[in-house]
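Inspection log for the structure reproduced underneath, given as structure tokens.
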Amino acid sequence: MRTNFSATQLNDPALAAAEHELRACVHCGICTATCPTYVLLGDELDGPRGRIQLIQGMLESGAAPSAKVVTHIDRCLSCMACVSACPSGVNYPRLIDEARAHIEETYRRPWRDVLLRRALGFVLPRRWLLRWALTTARVAARFSWLVPEPAQAALIVANGLPRPAPAKHFAKTVAAQGVQERRIALHAGCVQEVIAPSITAAAIRVLTRFGAQVTIVEGSGCCGSLNHHLGETAAFARHANALIKDIGDAPFDAIATTASGCGATVRDYGFLLKGSKVAAQASEIGAKVRDICDVLLDLPLASPHSVPKLRVAYHAACSLTHGMRQDAAASSILTKLGFDVVTPSDTQCCGSAGVYNVLQPAIADELQARKAQALAALNADVIVTGNIGCLMQIASAVRTPVVHVVELIDWATGGPQPEALRMRLSV
């Protein structure tokens, strides 16, 4: 498509990159059928093609967008399904992220919205503060009618999460059992370590059990993904730089993540930090980032005992399918270990999408209900996924136990049975 940026505007690397993606779009509309918000709402401006037009107008003018434009941009889940569908190879996330940064810089939101977004961007990446906030939310939920409307959804989501787990401190480096075959850096993030540290523990056990030395890398305790998708570029850069410093120049064979939402962002560090002092190192790190199951494909996994032939419903997170593009590994491993793996007919987003279920609760609830119905139809013994946001979103809507895929792999290869599954199988 044609663009009308000035030469001065194109001196800005971010705008130049955005123009490149805009020019690649041919407005064919193939992406619309894959977009959850377009399918739900039926509005052209709530699909990728319509949003691209809004983004072009906003970035070319350089002015603050209207409330209508912001509404349609805010409704985007960043699920990246349109990226997989696009025949022209448009990197839509780079457009929507630039749009969000522009909105954050130029648009004046209602003060209640500003307060909520600032709170999410400040609290969630800080584990100690998140523990306090989740504990407080359980009390505050009883008085939710006293809370401003934008914050009510945050209280509902927080109250539905597990109680914060006590702070768990993992050794910086854990030696491989037997002969060391790999050196793996394992990323420990923010929210997951507060509400489900058992996931990281399971990943460490599986990796070391089959010959990998594991080094925990965490930086400031957050990769910056949450701030990035809120348009908070400075906060994102601080977290990203801290993680890059923590990873350093150690010759790791891979950098594994158990949260694909984090993985999709870290893989793009090279682009997101272009022009910075760490750009080259960021690119090298991004190239080594892999989902935990993709890393486990390289290891000689085996089960020391027979496990029940469970029917396992696998929900592939959007960030894993369309962002990291490594969704096939989990099904392959689970099948190899003797599980009967099935997938839901609804392959669209579950509605979690980072903090989307807090900021856009009505749409998130519809997507959650659709996903829950599709998973329930599979009559599975357990549901597994590879992203903490999806896990919590789905678990709050189904009766079937939901666990992280690495927890099931850990159990099948000699580790403890996941608590949620133990409760189900004991009935």
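Identifiers in the structure tokens: chain A, B, ... in order shown; residue index from 1 per chain; ligand index from 1 in order shown.
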Worksheet entry | Neighbour list for stretch 270-278 of chain A as an MDAnalysis selection string, cut-off 10 Å, only C-alpha atoms, skip fewer than 5 positions in-chain | chainID A and resid 13:14 17 94 97 228 233 236:237 240:241 244:245 265 283:287
Selected residues written out, N, CA and C atoms, as a PDB file, in the first residue's frame:
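Now in out.pdb:
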```
ATOM      1  N   PRO A  13      13.980   5.480  13.109  1.00  0.00           N
ATOM      2  CA  PRO A  13      14.032   4.046  12.758  1.00  0.00           C
ATOM      3  C   PRO A  13      12.720   3.315  13.019  1.00  0.00           C
ATOM      4  N   ALA A  14      12.011   3.701  14.080  1.00  0.00           N
ATOM      5  CA  ALA A  14      10.753   3.022  14.405  1.00  0.00           C
ATOM      6  C   ALA A  14       9.699   3.295  13.339  1.00  0.00           C
ATOM      7  N   ALA A  17      10.609   1.482  10.093  1.00  0.00           N
ATOM      8  CA  ALA A  17      10.244   0.063  10.165  1.00  0.00           C
ATOM      9  C   ALA A  17       8.746  -0.121   9.987  1.00  0.00           C
ATOM     10  N   ARG A  94       4.707  -5.550  14.881  1.00  0.00           N
ATOM     11  CA  ARG A  94       5.563  -4.357  14.904  1.00  0.00           C
ATOM     12  C   ARG A  94       4.761  -3.096  14.595  1.00  0.00           C
ATOM     13  N   ASP A  97       2.478  -2.574  17.947  1.00  0.00           N
ATOM     14  CA  ASP A  97       3.308  -2.139  19.070  1.00  0.00           C
ATOM     15  C   ASP A  97       3.738  -0.684  18.903  1.00  0.00           C
ATOM     16  N   HIS A 228       5.910  -3.665  27.363  1.00  0.00           N
ATOM     17  CA  HIS A 228       5.987  -3.474  25.917  1.00  0.00           C
ATOM     18  C   HIS A 228       4.599  -3.414  25.291  1.00  0.00           C
ATOM     19  N   THR A 233       7.554   2.036  26.595  1.00  0.00           N
ATOM     20  CA  THR A 233       8.832   1.674  25.984  1.00  0.00           C
ATOM     21  C   THR A 233      10.020   1.802  26.929  1.00  0.00           C
ATOM     22  N   PHE A 236       9.959  -1.097  29.395  1.00  0.00           N
ATOM     23  CA  PHE A 236      10.347  -2.309  28.671  1.00  0.00           C
ATOM     24  C   PHE A 236      11.854  -2.375  28.509  1.00  0.00           C
ATOM     25  N   ALA A 237      12.467  -1.275  28.088  1.00  0.00           N
ATOM     26  CA  ALA A 237      13.915  -1.261  27.844  1.00  0.00           C
ATOM     27  C   ALA A 237      14.694  -1.559  29.115  1.00  0.00           C
ATOM     28  N   ALA A 240      14.366  -5.326  29.752  1.00  0.00           N
ATOM     29  CA  ALA A 240      15.086  -6.077  28.719  1.00  0.00           C
ATOM     30  C   ALA A 240      16.586  -5.982  28.921  1.00  0.00           C
ATOM     31  N   ASN A 241      17.077  -4.794  29.216  1.00  0.00           N
ATOM     32  CA  ASN A 241      18.516  -4.618  29.431  1.00  0.00           C
ATOM     33  C   ASN A 241      19.002  -5.412  30.638  1.00  0.00           C
ATOM     34  N   ILE A 244      19.216  -9.087  29.588  1.00  0.00           N
ATOM     35  CA  ILE A 244      20.366  -9.284  28.702  1.00  0.00           C
ATOM     36  C   ILE A 244      21.659  -9.304  29.509  1.00  0.00           C
ATOM     37  N   LYS A 245      21.775  -8.421  30.494  1.00  0.00           N
ATOM     38  CA  LYS A 245      22.966  -8.385  31.346  1.00  0.00           C
ATOM     39  C   LYS A 245      23.092  -9.670  32.146  1.00  0.00           C
ATOM     40  N   THR A 265       8.437 -12.281  22.954  1.00  0.00           N
ATOM     41  CA  THR A 265       9.009 -10.937  23.071  1.00  0.00           C
ATOM     42  C   THR A 265      10.532 -10.985  23.073  1.00  0.00           C
ATOM     43  N   SER A 283      20.201  -9.440  19.699  1.00  0.00           N
ATOM     44  CA  SER A 283      19.908 -10.289  18.544  1.00  0.00           C
ATOM     45  C   SER A 283      20.418 -11.707  18.763  1.00  0.00           C
ATOM     46  N   GLU A 284      21.624 -11.839  19.318  1.00  0.00           N
ATOM     47  CA  GLU A 284      22.190 -13.157  19.579  1.00  0.00           C
ATOM     48  C   GLU A 284      21.350 -13.919  20.605  1.00  0.00           C
ATOM     49  N   ILE A 285      20.894 -13.205  21.630  1.00  0.00           N
ATOM     50  CA  ILE A 285      20.063 -13.833  22.654  1.00  0.00           C
ATOM     51  C   ILE A 285      18.730 -14.262  22.064  1.00  0.00           C
ATOM     52  N   GLY A 286      18.106 -13.367  21.291  1.00  0.00           N
ATOM     53  CA  GLY A 286      16.823 -13.683  20.679  1.00  0.00           C
ATOM     54  C   GLY A 286      16.879 -14.933  19.819  1.00  0.00           C
ATOM     55  N   ALA A 287      17.980 -15.120  19.134  1.00  0.00           N
ATOM     56  CA  ALA A 287      18.125 -16.278  18.246  1.00  0.00           C
ATOM     57  C   ALA A 287      18.230 -17.589  19.017  1.00  0.00           C
TER      58      ALA A 287
END
```
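The environment of A:Ser84 within 10 Å, counting only C-alpha atoms and disregarding residues fewer than 5 places along the same chain, consists of A:Cys31, A:Thr34, A:Gly89, A:Val90, A:Asn91, A:Thr321, A:His322, A:Gly323, A:Arg325.
Note that DSSP on the backbone gives strand (DSSP E or B) to these residues of stretch 99-233 of chain A: Thr173, Val174, Arg182, Arg183, Ile184, Ala185, Leu186, His187, Ala212, Gln213, Val214, Thr215, Ile216 and Val217 of chain A.
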Go ahead and write the selection's residues with C-alpha atoms as a CSV table (one decimal), in the first residue's frame.
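Once everything was written out, this is selection_4.csv:
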```csv
chain,number,residue,atom,x,y,z
A,173,THR,CA,23.0,-23.1,38.4
A,174,VAL,CA,21.9,-26.7,38.8
A,182,ARG,CA,23.7,-29.3,27.2
A,183,ARG,CA,24.0,-25.9,28.9
A,184,ILE,CA,20.6,-24.3,29.1
A,185,ALA,CA,19.6,-20.9,30.5
A,186,LEU,CA,16.1,-21.1,31.9
A,187,HIS,CA,14.2,-17.8,32.0
A,212,ALA,CA,21.3,-30.5,30.8
A,213,GLN,CA,23.0,-28.1,33.2
A,214,VAL,CA,20.5,-25.3,34.0
A,215,THR,CA,21.3,-21.7,34.8
A,216,ILE,CA,18.5,-19.5,36.0
A,217,VAL,CA,18.3,-16.1,34.3
```
Please tabulate, as CSV, the residues of stretch 201-280 of chain A that come within 12 Å of stretch 68-75 of chain A, each with its closest pair of atoms and the distance in Å to one decimal, counting only C-alpha atoms and ordering rows by chain, then residue number upward.
```
residue,atom,partner,partner_atom,distance
A:His229,CA,A:Asp74,CA,10.2
A:Leu230,CA,A:Asp74,CA,9.4
A:Gly231,CA,A:Asp74,CA,10.7
```
Output N, CA and C atoms for every residue in that selection, as a compact mmCIF listing (two decimals), in the first residue's frame.
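selection01.txt, freshly written:
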```
# COMPACT_ATOMS: atom_id res chain seq x y z
N HIS A 229 3.72 -4.33 25.68
CA HIS A 229 2.38 -4.37 25.09
C HIS A 229 1.46 -3.28 25.64
N LEU A 230 1.88 -2.63 26.71
CA LEU A 230 1.14 -1.46 27.21
C LEU A 230 1.64 -0.17 26.57
N GLY A 231 2.66 -0.28 25.73
CA GLY A 231 3.21 0.91 25.08
C GLY A 231 4.22 1.64 25.93
```
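Relative to atom CA of A:Cys318, atom CA of A:Gly338 is found at 25.4 Å.
The interatomic distance for the pair atom CA of A:Leu15 and atom CA of A:Glu60 works out to 8.9 Å.
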Discussion item. So that I can see what lies close to A:Pro300, please list as a VMD selection string the residues with an atom at most 9 Å from it, counting only C-alpha atoms and leaving out residues fewer than 2 positions away in the same chain.
Written reply: chain A and resid 210 to 211 296 to 298 302
Fill in: alpha helix (DSSP H) positions in stretch 60-145 of chain A, given as a ChimeraX atom specification
/A:60-61,67-74,81-85,92-106,111-123,127-140
Practice prompt. Write out as a ChimeraX atom specification the residues lying within 9 Å of A:Gly62, counting only C-alpha atoms and excluding same-chain residues fewer than 2 positions away.
Written response: /A:9,57-60,64-65,102,106
Grab the residues selected above and save them as a PDB file, in the first residue's frame with N, CA and C atoms.
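Ended up saving to selection11.pdb:
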```pdb
ATOM      1  N   GLN A   9      10.216  12.211   9.041  1.00  0.00           N
ATOM      2  CA  GLN A   9       9.638  11.108   9.814  1.00  0.00           C
ATOM      3  C   GLN A   9      10.409   9.820   9.611  1.00  0.00           C
ATOM      4  N   GLY A  57      -2.856   6.153   9.289  1.00  0.00           N
ATOM      5  CA  GLY A  57      -3.300   7.535   9.433  1.00  0.00           C
ATOM      6  C   GLY A  57      -2.740   8.188  10.681  1.00  0.00           C
ATOM      7  N   MET A  58      -2.691   7.452  11.772  1.00  0.00           N
ATOM      8  CA  MET A  58      -2.203   7.985  13.042  1.00  0.00           C
ATOM      9  C   MET A  58      -0.708   8.304  12.972  1.00  0.00           C
ATOM     10  N   LEU A  59       0.078   7.357  12.432  1.00  0.00           N
ATOM     11  CA  LEU A  59       1.521   7.559  12.394  1.00  0.00           C
ATOM     12  C   LEU A  59       1.927   8.609  11.371  1.00  0.00           C
ATOM     13  N   GLU A  60       1.245   8.659  10.235  1.00  0.00           N
ATOM     14  CA  GLU A  60       1.583   9.667   9.230  1.00  0.00           C
ATOM     15  C   GLU A  60       1.285  11.070   9.729  1.00  0.00           C
ATOM     16  N   ALA A  64      -2.143  13.176  18.027  1.00  0.00           N
ATOM     17  CA  ALA A  64      -2.842  12.303  18.968  1.00  0.00           C
ATOM     18  C   ALA A  64      -4.054  11.698  18.285  1.00  0.00           C
ATOM     19  N   PRO A  65      -4.293  10.424  18.434  1.00  0.00           N
ATOM     20  CA  PRO A  65      -5.437   9.781  17.785  1.00  0.00           C
ATOM     21  C   PRO A  65      -6.738  10.138  18.486  1.00  0.00           C
ATOM     22  N   HIS A 102       2.850   5.066  20.360  1.00  0.00           N
ATOM     23  CA  HIS A 102       2.423   6.398  19.939  1.00  0.00           C
ATOM     24  C   HIS A 102       1.230   6.871  20.771  1.00  0.00           C
ATOM     25  N   THR A 106       1.026  10.215  23.127  1.00  0.00           N
ATOM     26  CA  THR A 106       0.276  11.389  22.651  1.00  0.00           C
ATOM     27  C   THR A 106      -1.161  11.496  23.141  1.00  0.00           C
TER      28      THR A 106
END
```
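Minimum distance to A:Leu320 across A:Thr335, A:Gln373, A:Thr385, A:Thr32 (counting only C-alpha atoms) occurs at A:Thr385.
The residue set within 8 Å of A:Asp340, counting only C-alpha atoms and dropping same-chain residues fewer than 4 places from it, reads Lys309, Leu310, Arg311, Val312, Leu334 and Thr335 of chain A.
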Output the selection as a PDB file, in the first residue's frame - C-alpha atoms for each residue.
```
ATOM      1  CA  LYS A 309      -2.962 -43.486  29.381  1.00  0.00           C
ATOM      2  CA  LEU A 310      -4.604 -40.160  29.921  1.00  0.00           C
ATOM      3  CA  ARG A 311      -6.543 -38.258  27.291  1.00  0.00           C
ATOM      4  CA  VAL A 312      -4.706 -34.924  27.138  1.00  0.00           C
ATOM      5  CA  LEU A 334       3.381 -36.083  25.028  1.00  0.00           C
ATOM      6  CA  THR A 335       2.481 -38.637  22.370  1.00  0.00           C
TER       7      THR A 335
END
```
Each stretch 153-232 of chain A residue no farther than 6 Å from stretch 117-133 of chain A, nearest pair in Å, only C-alpha atoms, as a tab-separated table:
```
residue	atom	partner	partner_atom	distance
A:Pro164	CA	A:Arg131	CA	5.6
A:Cys190	CA	A:Pro125	CA	5.2
A:Cys222	CA	A:Pro125	CA	5.3
A:Asn227	CA	A:Gly121	CA	5.5
```
Practice prompt. Can you work out the spacing between atom CA of A:Leu45 and atom CA of A:Ala153 in Å, to one decimal?
Written response: 24.5 Å
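Near A:Thr37, within a cut-off of 8 Å and counting only C-alpha atoms, sit the residues A:Asp46, A:Gly47, A:Arg75, A:Cys76, A:Leu77, A:Ile363, with same-chain residues fewer than 6 positions away left out.
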Worksheet item: Which residues come within 9 Å of A:Ala154, counting only C-alpha atoms, excluding same-chain residues fewer than 2 positions away, as a ChimeraX atom specification?
Response: /A:116,120,137,150-152,156-159,355,357-359,361
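Residue nearest A:Val342 within the list A:Met80, A:Leu375, A:Ala234, A:Cys390: A:Leu375 [criterion: smallest interatomic distance, only C-alpha atoms].
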